[in-house]
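Student: If it helps, the file is called upload-v5.cif and holds mmCIF, C-alpha atoms:
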```cif
data_upload
loop_
_atom_site.label_atom_id
_atom_site.label_comp_id
_atom_site.auth_asym_id
_atom_site.auth_seq_id
_atom_site.Cartn_x
_atom_site.Cartn_y
_atom_site.Cartn_z
CA MET A 293 26.72 55.07 -2.97
CA LYS A 294 24.36 52.95 -5.07
CA ASN A 295 21.77 52.93 -2.32
CA LEU A 296 22.09 56.68 -1.92
CA PHE A 297 21.57 57.16 -5.65
CA TYR A 298 18.38 55.05 -5.68
CA ILE A 299 17.08 56.85 -2.62
CA LEU A 300 17.67 60.20 -4.35
CA ILE A 301 15.90 59.06 -7.54
CA THR A 302 12.95 57.74 -5.53
CA PHE A 303 12.77 61.00 -3.59
CA LEU A 304 12.76 63.09 -6.77
CA PHE A 305 10.10 60.87 -8.35
CA VAL A 306 7.82 61.04 -5.32
CA THR A 307 8.36 64.78 -5.07
CA SER A 308 7.57 65.36 -8.74
CA CYS A 309 4.43 63.21 -8.48
CA SER A 310 3.41 65.13 -5.40
CA GLU A 311 3.96 68.48 -7.14
CA TYR A 312 1.94 67.29 -10.12
CA GLN A 313 -0.98 66.19 -7.91
CA LYS A 314 -0.89 69.54 -6.14
CA ALA A 315 -0.99 71.34 -9.49
CA LEU A 316 -3.98 69.28 -10.61
CA LYS A 317 -5.90 70.26 -7.48
CA SER A 318 -4.69 73.86 -7.42
CA GLU A 319 -6.79 76.86 -8.44
CA ASP A 320 -3.65 78.57 -9.78
CA VAL A 321 -4.02 78.48 -13.58
CA ALA A 322 -0.56 79.99 -14.10
CA LEU A 323 0.99 77.14 -12.11
CA LYS A 324 -0.90 74.61 -14.22
CA PHE A 325 0.30 76.31 -17.42
CA THR A 326 3.93 76.40 -16.30
CA MET A 327 3.99 72.80 -15.13
CA GLY A 328 2.04 71.61 -18.18
CA GLU A 329 4.51 73.30 -20.51
CA GLN A 330 7.45 71.67 -18.72
CA LEU A 331 5.78 68.26 -18.83
CA TYR A 332 5.16 68.78 -22.55
CA LYS A 333 8.86 69.58 -23.11
CA ASP A 334 9.75 66.44 -21.16
CA GLY A 335 7.53 64.34 -23.42
CA LYS A 336 4.99 63.59 -20.69
CA PHE A 337 2.06 64.45 -22.91
CA ASN A 338 -0.72 62.67 -21.01
CA LYS A 339 0.08 64.52 -17.80
CA ALA A 340 0.47 67.83 -19.63
CA SER A 341 -2.85 67.30 -21.36
CA ARG A 342 -4.70 66.85 -18.08
CA LEU A 343 -3.41 70.20 -16.87
CA PHE A 344 -4.07 71.99 -20.17
CA ASP A 345 -7.64 70.72 -20.35
CA GLN A 346 -8.32 72.29 -16.97
CA ILE A 347 -7.16 75.75 -17.97
CA VAL A 348 -8.03 76.21 -21.66
CA PRO A 349 -11.38 77.91 -20.83
CA SER A 350 -9.63 80.31 -18.42
CA TYR A 351 -7.20 81.54 -21.09
CA ARG A 352 -9.67 82.22 -23.89
CA GLY A 353 -9.13 85.72 -25.24
CA LYS A 354 -5.78 86.09 -23.46
CA PRO A 355 -2.36 86.40 -25.17
CA GLN A 356 -1.23 83.00 -23.82
CA ALA A 357 -4.23 81.24 -25.37
CA GLU A 358 -2.55 80.77 -28.75
CA LYS A 359 0.37 78.85 -27.30
CA LEU A 360 -1.83 76.89 -24.91
CA MET A 361 -4.28 75.75 -27.58
CA PHE A 362 -1.47 74.52 -29.82
CA LEU A 363 0.23 72.61 -27.00
CA ASP A 364 -3.10 71.15 -25.92
CA ALA A 365 -3.84 69.93 -29.47
CA ASP A 366 -0.34 68.52 -29.87
CA CYS A 367 -0.63 66.54 -26.65
CA TYR A 368 -3.60 64.70 -28.15
CA TYR A 369 -1.66 64.22 -31.38
CA GLN A 370 1.43 62.87 -29.61
CA THR A 371 -0.65 60.40 -27.59
CA GLY A 372 -2.45 59.04 -30.66
CA GLN A 373 -5.86 60.53 -29.88
CA VAL A 374 -6.18 61.57 -33.49
CA GLY A 375 -9.89 62.34 -33.55
CA LEU A 376 -9.54 64.94 -30.82
CA ALA A 377 -6.21 66.15 -32.21
CA GLY A 378 -7.65 66.76 -35.68
CA PHE A 379 -10.52 68.81 -34.29
CA ARG A 380 -8.30 70.83 -31.91
CA PHE A 381 -5.67 71.62 -34.54
CA GLU A 382 -8.39 72.69 -36.94
CA ARG A 383 -9.94 74.92 -34.28
CA PHE A 384 -6.51 76.42 -33.54
CA ALA A 385 -5.86 77.16 -37.23
CA LYS A 386 -9.22 78.92 -37.60
CA SER A 387 -8.77 80.86 -34.35
CA TYR A 388 -5.20 82.00 -35.14
CA PRO A 389 -4.86 82.24 -38.94
CA LYS A 390 -1.76 84.48 -38.63
CA SER A 391 0.06 82.26 -36.15
CA GLN A 392 3.53 80.96 -36.99
CA LYS A 393 2.16 77.53 -36.07
CA VAL A 394 -0.85 77.61 -38.39
CA GLU A 395 0.78 75.59 -41.21
CA GLU A 396 1.89 72.91 -38.76
CA ALA A 397 -1.60 72.90 -37.25
CA TYR A 398 -3.28 72.33 -40.62
CA TYR A 399 -0.69 69.65 -41.41
CA LYS A 400 -1.16 67.74 -38.18
CA SER A 401 -4.91 68.13 -38.43
CA ALA A 402 -4.85 66.54 -41.91
CA LEU A 403 -2.61 63.72 -40.68
CA SER A 404 -4.92 63.13 -37.73
CA TYR A 405 -7.99 62.81 -39.93
CA ALA A 406 -6.07 60.53 -42.31
CA ALA A 407 -5.22 58.26 -39.39
CA LEU A 408 -8.97 57.77 -38.80
CA SER A 409 -9.42 56.19 -42.23
CA PRO A 410 -10.49 52.55 -41.73
CA VAL A 411 -9.60 49.46 -43.76
CA TYR A 412 -11.10 49.52 -47.26
CA SER A 413 -13.76 46.91 -46.45
CA LYS A 414 -15.49 49.28 -44.00
CA ASP A 415 -17.52 52.44 -44.61
CA GLN A 416 -15.24 55.09 -46.15
CA HIS A 417 -16.88 58.27 -44.81
CA ASP A 418 -13.78 59.07 -42.74
CA THR A 419 -11.55 58.50 -45.77
CA ASP A 420 -13.56 61.00 -47.83
CA HIS A 421 -13.32 63.49 -44.98
CA ALA A 422 -9.56 62.97 -44.66
CA LEU A 423 -9.06 63.53 -48.40
CA GLU A 424 -10.89 66.85 -48.08
CA LYS A 425 -8.52 67.92 -45.28
CA LEU A 426 -5.44 66.82 -47.22
CA GLN A 427 -6.65 68.76 -50.26
CA LEU A 428 -7.30 71.80 -48.09
CA PHE A 429 -3.69 71.74 -46.90
CA ALA A 430 -2.44 71.33 -50.49
CA ASN A 431 -4.52 74.33 -51.58
CA LEU A 432 -3.27 76.49 -48.71
CA TYR A 433 0.41 75.47 -48.82
CA PRO A 434 1.28 74.09 -52.27
CA GLU A 435 5.00 74.82 -51.72
CA SER A 436 5.15 73.38 -48.21
CA GLU A 437 7.94 71.03 -47.15
CA PHE A 438 5.13 68.72 -45.98
CA MET A 439 3.66 68.27 -49.48
CA PRO A 440 5.47 64.96 -50.27
CA LYS A 441 3.82 63.39 -47.21
CA ILE A 442 0.46 64.97 -48.06
CA ASN A 443 0.65 63.71 -51.64
CA GLN A 444 1.54 60.18 -50.56
CA LEU A 445 -1.27 60.05 -48.02
CA SER A 446 -3.75 61.35 -50.61
CA LYS A 447 -2.62 58.67 -53.04
CA ASP A 448 -2.95 55.94 -50.40
CA LEU A 449 -6.42 57.05 -49.34
CA GLN A 450 -7.58 57.44 -52.94
CA TYR A 451 -6.49 53.87 -53.64
CA LYS A 452 -8.49 52.74 -50.61
CA LEU A 453 -11.63 54.26 -52.15
CA GLU A 454 -10.83 52.57 -55.45
CA LEU A 455 -10.30 49.23 -53.75
CA LYS A 456 -13.60 49.60 -51.88
CA ALA A 457 -15.57 50.27 -55.07
CA TYR A 458 -13.75 47.54 -56.98
CA SER A 459 -14.37 44.96 -54.24
CA ILE A 460 -18.12 45.71 -54.31
CA GLY A 461 -18.27 44.98 -58.04
CA LYS A 462 -16.25 41.80 -57.61
CA GLN A 463 -18.47 40.66 -54.73
CA TYR A 464 -21.57 41.05 -56.92
CA ASN A 465 -19.77 38.93 -59.52
CA HIS A 466 -18.94 36.32 -56.88
CA ILE A 467 -22.56 35.97 -55.73
CA SER A 468 -23.79 35.84 -59.35
CA ASP A 469 -25.62 39.17 -59.27
CA PHE A 470 -24.22 39.91 -62.70
CA LYS A 471 -26.38 42.95 -63.52
CA ALA A 472 -25.29 44.69 -60.31
CA SER A 473 -21.68 43.74 -61.00
CA ILE A 474 -21.75 45.24 -64.50
CA SER A 475 -23.40 48.43 -63.26
CA THR A 476 -20.90 48.77 -60.39
CA PHE A 477 -17.91 48.27 -62.68
CA ASP A 478 -19.36 50.74 -65.21
CA ASN A 479 -19.49 53.35 -62.45
CA PHE A 480 -16.05 52.35 -61.16
CA ILE A 481 -14.41 52.79 -64.57
CA ALA A 482 -16.09 56.18 -65.02
CA ASP A 483 -15.32 57.41 -61.49
CA PHE A 484 -11.67 56.28 -61.38
CA PRO A 485 -10.27 56.65 -64.91
CA GLY A 486 -6.63 56.55 -63.77
CA THR A 487 -6.89 53.65 -61.35
CA SER A 488 -4.39 50.81 -61.41
CA LEU A 489 -7.37 48.45 -61.01
CA ARG A 490 -8.91 49.49 -64.32
CA GLY A 491 -7.78 46.38 -66.23
CA LYS A 492 -9.08 43.97 -63.59
CA ALA A 493 -12.35 45.90 -63.39
CA MET A 494 -12.80 45.65 -67.16
CA PHE A 495 -12.13 41.92 -67.05
CA TYR A 496 -14.66 41.24 -64.30
CA ARG A 497 -17.20 43.47 -66.01
CA PHE A 498 -16.70 41.31 -69.12
CA ASP A 499 -16.87 38.14 -67.03
CA SER A 500 -20.19 39.26 -65.51
CA ALA A 501 -21.57 40.12 -68.95
CA TYR A 502 -20.36 36.75 -70.25
CA GLN A 503 -22.08 34.86 -67.41
CA LEU A 504 -25.26 36.88 -67.86
CA ALA A 505 -25.33 36.24 -71.61
CA MET A 506 -24.56 32.52 -71.42
CA LYS A 507 -27.28 31.96 -68.82
CA SER A 508 -29.78 34.30 -70.41
CA VAL A 509 -33.30 33.48 -71.53
CA GLU A 510 -33.62 33.11 -75.30
CA LEU A 511 -35.49 36.39 -75.76
CA LYS A 512 -32.57 38.47 -74.44
CA LYS A 513 -29.64 36.24 -75.31
CA GLU A 514 -28.53 37.67 -78.66
CA GLU A 515 -28.45 41.22 -77.35
CA ARG A 516 -26.52 40.17 -74.25
CA LEU A 517 -24.02 38.17 -76.28
CA ASN A 518 -23.23 41.28 -78.31
CA ILE A 519 -22.92 43.43 -75.19
CA ALA A 520 -20.54 40.90 -73.63
CA ILE A 521 -18.39 40.91 -76.77
CA SER A 522 -18.21 44.71 -76.67
CA TYR A 523 -16.93 44.49 -73.08
CA TYR A 524 -14.33 41.95 -74.21
CA ASN A 525 -13.15 44.39 -76.89
CA SER A 526 -12.84 47.17 -74.30
CA PHE A 527 -10.84 44.87 -72.05
CA LYS A 528 -8.47 43.90 -74.86
CA LYS A 529 -7.89 47.57 -75.76
CA SER A 530 -6.84 48.33 -72.19
CA ASN A 531 -3.55 46.45 -72.80
CA SER A 532 -3.31 45.35 -69.18
CA GLU A 533 -3.82 42.27 -67.02
CA LEU A 534 -2.09 40.01 -69.54
CA GLU A 535 -2.51 37.00 -67.24
CA LEU A 536 -6.29 37.29 -67.74
CA VAL A 537 -6.21 37.62 -71.54
CA GLU A 538 -6.10 33.87 -72.17
CA ASP A 539 -9.24 33.31 -70.09
CA ALA A 540 -10.95 36.22 -71.82
CA ASP A 541 -10.06 34.85 -75.26
CA LYS A 542 -11.62 31.47 -74.41
CA MET A 543 -14.75 33.16 -73.11
CA VAL A 544 -15.21 35.36 -76.17
CA ALA A 545 -14.85 32.27 -78.38
CA ASP A 546 -17.83 30.76 -76.52
CA LEU A 547 -19.81 33.95 -77.05
CA LYS A 548 -19.10 34.06 -80.77
CA GLU A 549 -20.00 30.40 -81.12
CA GLN A 550 -23.34 31.09 -79.46
CA LEU A 551 -23.88 34.16 -81.61
CA GLU A 552 -23.36 32.17 -84.82
CA GLN A 553 -26.56 30.31 -84.11
CA TYR A 554 -28.51 33.53 -84.56
CA SER A 555 -26.86 34.39 -87.87
CA THR A 556 -27.68 30.87 -89.08
CA LYS A 557 -31.32 31.28 -88.10
CA SER A 558 -31.58 34.57 -89.96
#
```
For the structure just supplied, provide its representation as structure tokens.
Tutor:
Amino acid sequence: MKNLFYILITFLFVTSCSEYQKALKSEDVALKFTMGEQLYKDGKFNKASRLFDQIVPSYRGKPQAEKLMFLDADCYYQTGQVGLAGFRFERFAKSYPKSQKVEEAYYKSALSYAALSPVYSKDQHDTDHALEKLQLFANLYPESEFMPKINQLSKDLQYKLELKAYSIGKQYNHISDFKASISTFDNFIADFPGTSLRGKAMFYRFDSAYQLAMKSVELKKEERLNIAISYYNSFKKSNSELELVEDADKMVADLKEQLEQYSTKS
């Protein structure tokens, strides 16, 4: 009986593969649609996608096109081909704005674009684009059941942009390009007023100003000492990053000691 069972399974597998190959080579678009839909229901998205790709042009303008375009886009989504999925879902939503599937299409399109966002250390063009798509969904469907996921993704991607900008300022500090570091952190603090990295950014802006002042030529030193102290005061007012306060206090003491020399001279 066991042998008979395995023979039957093998026969069915070979037969199904044979039928699929025939469908791929067939000129019958209806056959491809029917088999593709069944493969989709069975979770065989790669195979379904190959059939759908062959027949999408043939169904343009026909009643079945709406269903076909959604299934085709979802096959790409289910197989992790998010770049293609995002584009196809977006195209579906624009082509069928009254479809019952349009909200899901916009949602999966936004998720697809979000999945393209790279690590923070790389160029963040795709992250900016994804945030636009997430915001578009939020504008269209503010009461959607998908909004918690959309909001969380938006928050995660926004933090990635913050981390990117913050890391640039810190890198300038690390390589002793203190002017560029101060400028970058000034922009960072202005661009991301609610960021959780604000305290650290204010500290490293102060640190850069401190280093610049302490190493400055005599002609510019007094002015830079005062600027550095003003950045220290801003950092202290932020009431965050308590583990850095002790270092900052020691640094500002150095600045004030240096500044006393100028009051003595005057």
Student: Please enumerate the residues selected by the PyMOL selection byres ((chain A and resi 404) around 9) when evaluated against the supplied file, formatted as a list in words.
Tutor: Tyr369, Gly372, Gln373, Val374, Gly375, Leu376, Ala377, Gly378, Phe379, Tyr399, Lys400, Ser401, Ala402, Leu403, Tyr405, Ala406, Ala407, Leu408 and Ala422 of chain A
Student: Hey, can you spit out that residue selection with C-alpha atoms as a PDB file, keeping the file's coordinate frame?
Tutor:
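File produced: result_24.pdb:
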```
ATOM      1  CA  TYR A 369      -1.660  64.220 -31.380  1.00  0.00           C
ATOM      2  CA  GLY A 372      -2.450  59.040 -30.660  1.00  0.00           C
ATOM      3  CA  GLN A 373      -5.860  60.530 -29.880  1.00  0.00           C
ATOM      4  CA  VAL A 374      -6.180  61.570 -33.490  1.00  0.00           C
ATOM      5  CA  GLY A 375      -9.890  62.340 -33.550  1.00  0.00           C
ATOM      6  CA  LEU A 376      -9.540  64.940 -30.820  1.00  0.00           C
ATOM      7  CA  ALA A 377      -6.210  66.150 -32.210  1.00  0.00           C
ATOM      8  CA  GLY A 378      -7.650  66.760 -35.680  1.00  0.00           C
ATOM      9  CA  PHE A 379     -10.520  68.810 -34.290  1.00  0.00           C
ATOM     10  CA  TYR A 399      -0.690  69.650 -41.410  1.00  0.00           C
ATOM     11  CA  LYS A 400      -1.160  67.740 -38.180  1.00  0.00           C
ATOM     12  CA  SER A 401      -4.910  68.130 -38.430  1.00  0.00           C
ATOM     13  CA  ALA A 402      -4.850  66.540 -41.910  1.00  0.00           C
ATOM     14  CA  LEU A 403      -2.610  63.720 -40.680  1.00  0.00           C
ATOM     15  CA  TYR A 405      -7.990  62.810 -39.930  1.00  0.00           C
ATOM     16  CA  ALA A 406      -6.070  60.530 -42.310  1.00  0.00           C
ATOM     17  CA  ALA A 407      -5.220  58.260 -39.390  1.00  0.00           C
ATOM     18  CA  LEU A 408      -8.970  57.770 -38.800  1.00  0.00           C
ATOM     19  CA  ALA A 422      -9.560  62.970 -44.660  1.00  0.00           C
TER      20      ALA A 422
END
```
Student: Go through the shown structure with the PyMOL selection byres ((chain A and resi 446) around 9) and write out the matching residues as a PyMOL selection string.
Tutor: chain A and resi 406+422-423+426-427+441-445+447-451
Student: What would the file look like if the residues just selected were written as a PDB file, keeping the file's coordinate frame with C-alpha atoms?
Tutor:
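Written output follows (out24.pdb):
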```pdb
ATOM      1  CA  ALA A 406      -6.070  60.530 -42.310  1.00  0.00           C
ATOM      2  CA  ALA A 422      -9.560  62.970 -44.660  1.00  0.00           C
ATOM      3  CA  LEU A 423      -9.060  63.530 -48.400  1.00  0.00           C
ATOM      4  CA  LEU A 426      -5.440  66.820 -47.220  1.00  0.00           C
ATOM      5  CA  GLN A 427      -6.650  68.760 -50.260  1.00  0.00           C
ATOM      6  CA  LYS A 441       3.820  63.390 -47.210  1.00  0.00           C
ATOM      7  CA  ILE A 442       0.460  64.970 -48.060  1.00  0.00           C
ATOM      8  CA  ASN A 443       0.650  63.710 -51.640  1.00  0.00           C
ATOM      9  CA  GLN A 444       1.540  60.180 -50.560  1.00  0.00           C
ATOM     10  CA  LEU A 445      -1.270  60.050 -48.020  1.00  0.00           C
ATOM     11  CA  LYS A 447      -2.620  58.670 -53.040  1.00  0.00           C
ATOM     12  CA  ASP A 448      -2.950  55.940 -50.400  1.00  0.00           C
ATOM     13  CA  LEU A 449      -6.420  57.050 -49.340  1.00  0.00           C
ATOM     14  CA  GLN A 450      -7.580  57.440 -52.940  1.00  0.00           C
ATOM     15  CA  TYR A 451      -6.490  53.870 -53.640  1.00  0.00           C
TER      16      TYR A 451
END
```
Student: Which is closer to A:Gln503 than all the others in A:Ser341, A:Ser318, A:Ser468, A:Ser530, using all atoms listed in the file?
Tutor: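 Comparing A:Ser341, A:Ser318, A:Ser468, A:Ser530 against A:Gln503, the winner is A:Ser468.
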Student: Under the PyMOL selection byres ((chain A and resi 476) around 12), which residues of this model are included? Write them out as a VMD selection string.
Tutor: chain A and resid 454 456 to 465 469 to 475 477 to 484 493 to 494 496 to 497 500
Student: Pick from A:Phe344, A:Phe429, A:Phe438, A:Phe362: nearest to A:Val321, with all atoms listed in the file counted?
Tutor: A:Phe344
Student: Could you please determine the separation between atom CA of A:Thr419 and atom CA of A:Leu360 in Å, to one decimal place?
Tutor: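 So the answer is 29.5 Å.
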Student: Quick one: stretch 357-387 of chain A with N, CA and C atoms, as a compact mmCIF listing (two decimals), in the coordinates of the input?
Tutor:
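For reference, result_6.txt as written:
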```txt
# COMPACT_ATOMS: atom_id res chain seq x y z
N ALA A 357 -3.31 82.25 -24.86
CA ALA A 357 -4.23 81.24 -25.37
C ALA A 357 -3.71 80.56 -26.64
N GLU A 358 -3.06 81.34 -27.49
CA GLU A 358 -2.55 80.77 -28.75
C GLU A 358 -1.58 79.63 -28.48
N LYS A 359 -0.61 79.88 -27.62
CA LYS A 359 0.37 78.85 -27.30
C LYS A 359 -0.28 77.66 -26.60
N LEU A 360 -1.17 77.94 -25.67
CA LEU A 360 -1.83 76.89 -24.91
C LEU A 360 -2.66 75.98 -25.80
N MET A 361 -3.42 76.56 -26.72
CA MET A 361 -4.28 75.75 -27.58
C MET A 361 -3.46 74.86 -28.51
N PHE A 362 -2.31 75.36 -28.96
CA PHE A 362 -1.47 74.52 -29.82
C PHE A 362 -0.88 73.36 -29.02
N LEU A 363 -0.35 73.66 -27.83
CA LEU A 363 0.23 72.61 -27.00
C LEU A 363 -0.82 71.57 -26.60
N ASP A 364 -2.01 72.05 -26.30
CA ASP A 364 -3.10 71.15 -25.92
C ASP A 364 -3.43 70.20 -27.08
N ALA A 365 -3.55 70.76 -28.29
CA ALA A 365 -3.84 69.93 -29.47
C ALA A 365 -2.72 68.94 -29.73
N ASP A 366 -1.48 69.39 -29.57
CA ASP A 366 -0.34 68.52 -29.87
C ASP A 366 -0.21 67.39 -28.85
N CYS A 367 -0.64 67.62 -27.64
CA CYS A 367 -0.63 66.54 -26.65
C CYS A 367 -1.52 65.39 -27.11
N TYR A 368 -2.70 65.73 -27.63
CA TYR A 368 -3.60 64.70 -28.15
C TYR A 368 -2.98 64.00 -29.36
N TYR A 369 -2.31 64.78 -30.20
CA TYR A 369 -1.66 64.22 -31.38
C TYR A 369 -0.55 63.25 -30.98
N GLN A 370 0.28 63.67 -30.02
CA GLN A 370 1.43 62.87 -29.61
C GLN A 370 1.01 61.59 -28.89
N THR A 371 -0.17 61.59 -28.30
CA THR A 371 -0.65 60.40 -27.59
C THR A 371 -1.59 59.54 -28.44
N GLY A 372 -1.69 59.87 -29.74
CA GLY A 372 -2.45 59.04 -30.66
C GLY A 372 -3.96 59.22 -30.60
N GLN A 373 -4.43 60.26 -29.94
CA GLN A 373 -5.86 60.53 -29.88
C GLN A 373 -6.23 61.41 -31.07
N VAL A 374 -6.17 60.80 -32.25
CA VAL A 374 -6.18 61.57 -33.49
C VAL A 374 -7.51 62.27 -33.77
N GLY A 375 -8.61 61.69 -33.34
CA GLY A 375 -9.89 62.34 -33.55
C GLY A 375 -9.95 63.68 -32.86
N LEU A 376 -9.56 63.70 -31.59
CA LEU A 376 -9.54 64.94 -30.82
C LEU A 376 -8.45 65.88 -31.32
N ALA A 377 -7.31 65.33 -31.71
CA ALA A 377 -6.21 66.15 -32.21
C ALA A 377 -6.61 66.87 -33.49
N GLY A 378 -7.23 66.15 -34.42
CA GLY A 378 -7.65 66.76 -35.68
C GLY A 378 -8.58 67.93 -35.46
N PHE A 379 -9.56 67.74 -34.58
CA PHE A 379 -10.52 68.81 -34.29
C PHE A 379 -9.83 70.00 -33.62
N ARG A 380 -8.95 69.74 -32.64
CA ARG A 380 -8.30 70.83 -31.91
C ARG A 380 -7.32 71.61 -32.79
N PHE A 381 -6.57 70.92 -33.64
CA PHE A 381 -5.67 71.62 -34.54
C PHE A 381 -6.45 72.48 -35.54
N GLU A 382 -7.56 71.95 -36.00
CA GLU A 382 -8.39 72.69 -36.94
C GLU A 382 -8.97 73.94 -36.27
N ARG A 383 -9.41 73.78 -35.05
CA ARG A 383 -9.94 74.92 -34.28
C ARG A 383 -8.85 75.97 -34.04
N PHE A 384 -7.63 75.50 -33.73
CA PHE A 384 -6.51 76.42 -33.54
C PHE A 384 -6.23 77.21 -34.82
N ALA A 385 -6.18 76.51 -35.96
CA ALA A 385 -5.86 77.16 -37.23
C ALA A 385 -6.90 78.23 -37.59
N LYS A 386 -8.16 77.95 -37.30
CA LYS A 386 -9.22 78.92 -37.60
C LYS A 386 -9.21 80.09 -36.62
N SER A 387 -8.80 79.81 -35.38
CA SER A 387 -8.77 80.86 -34.35
C SER A 387 -7.56 81.78 -34.51
```
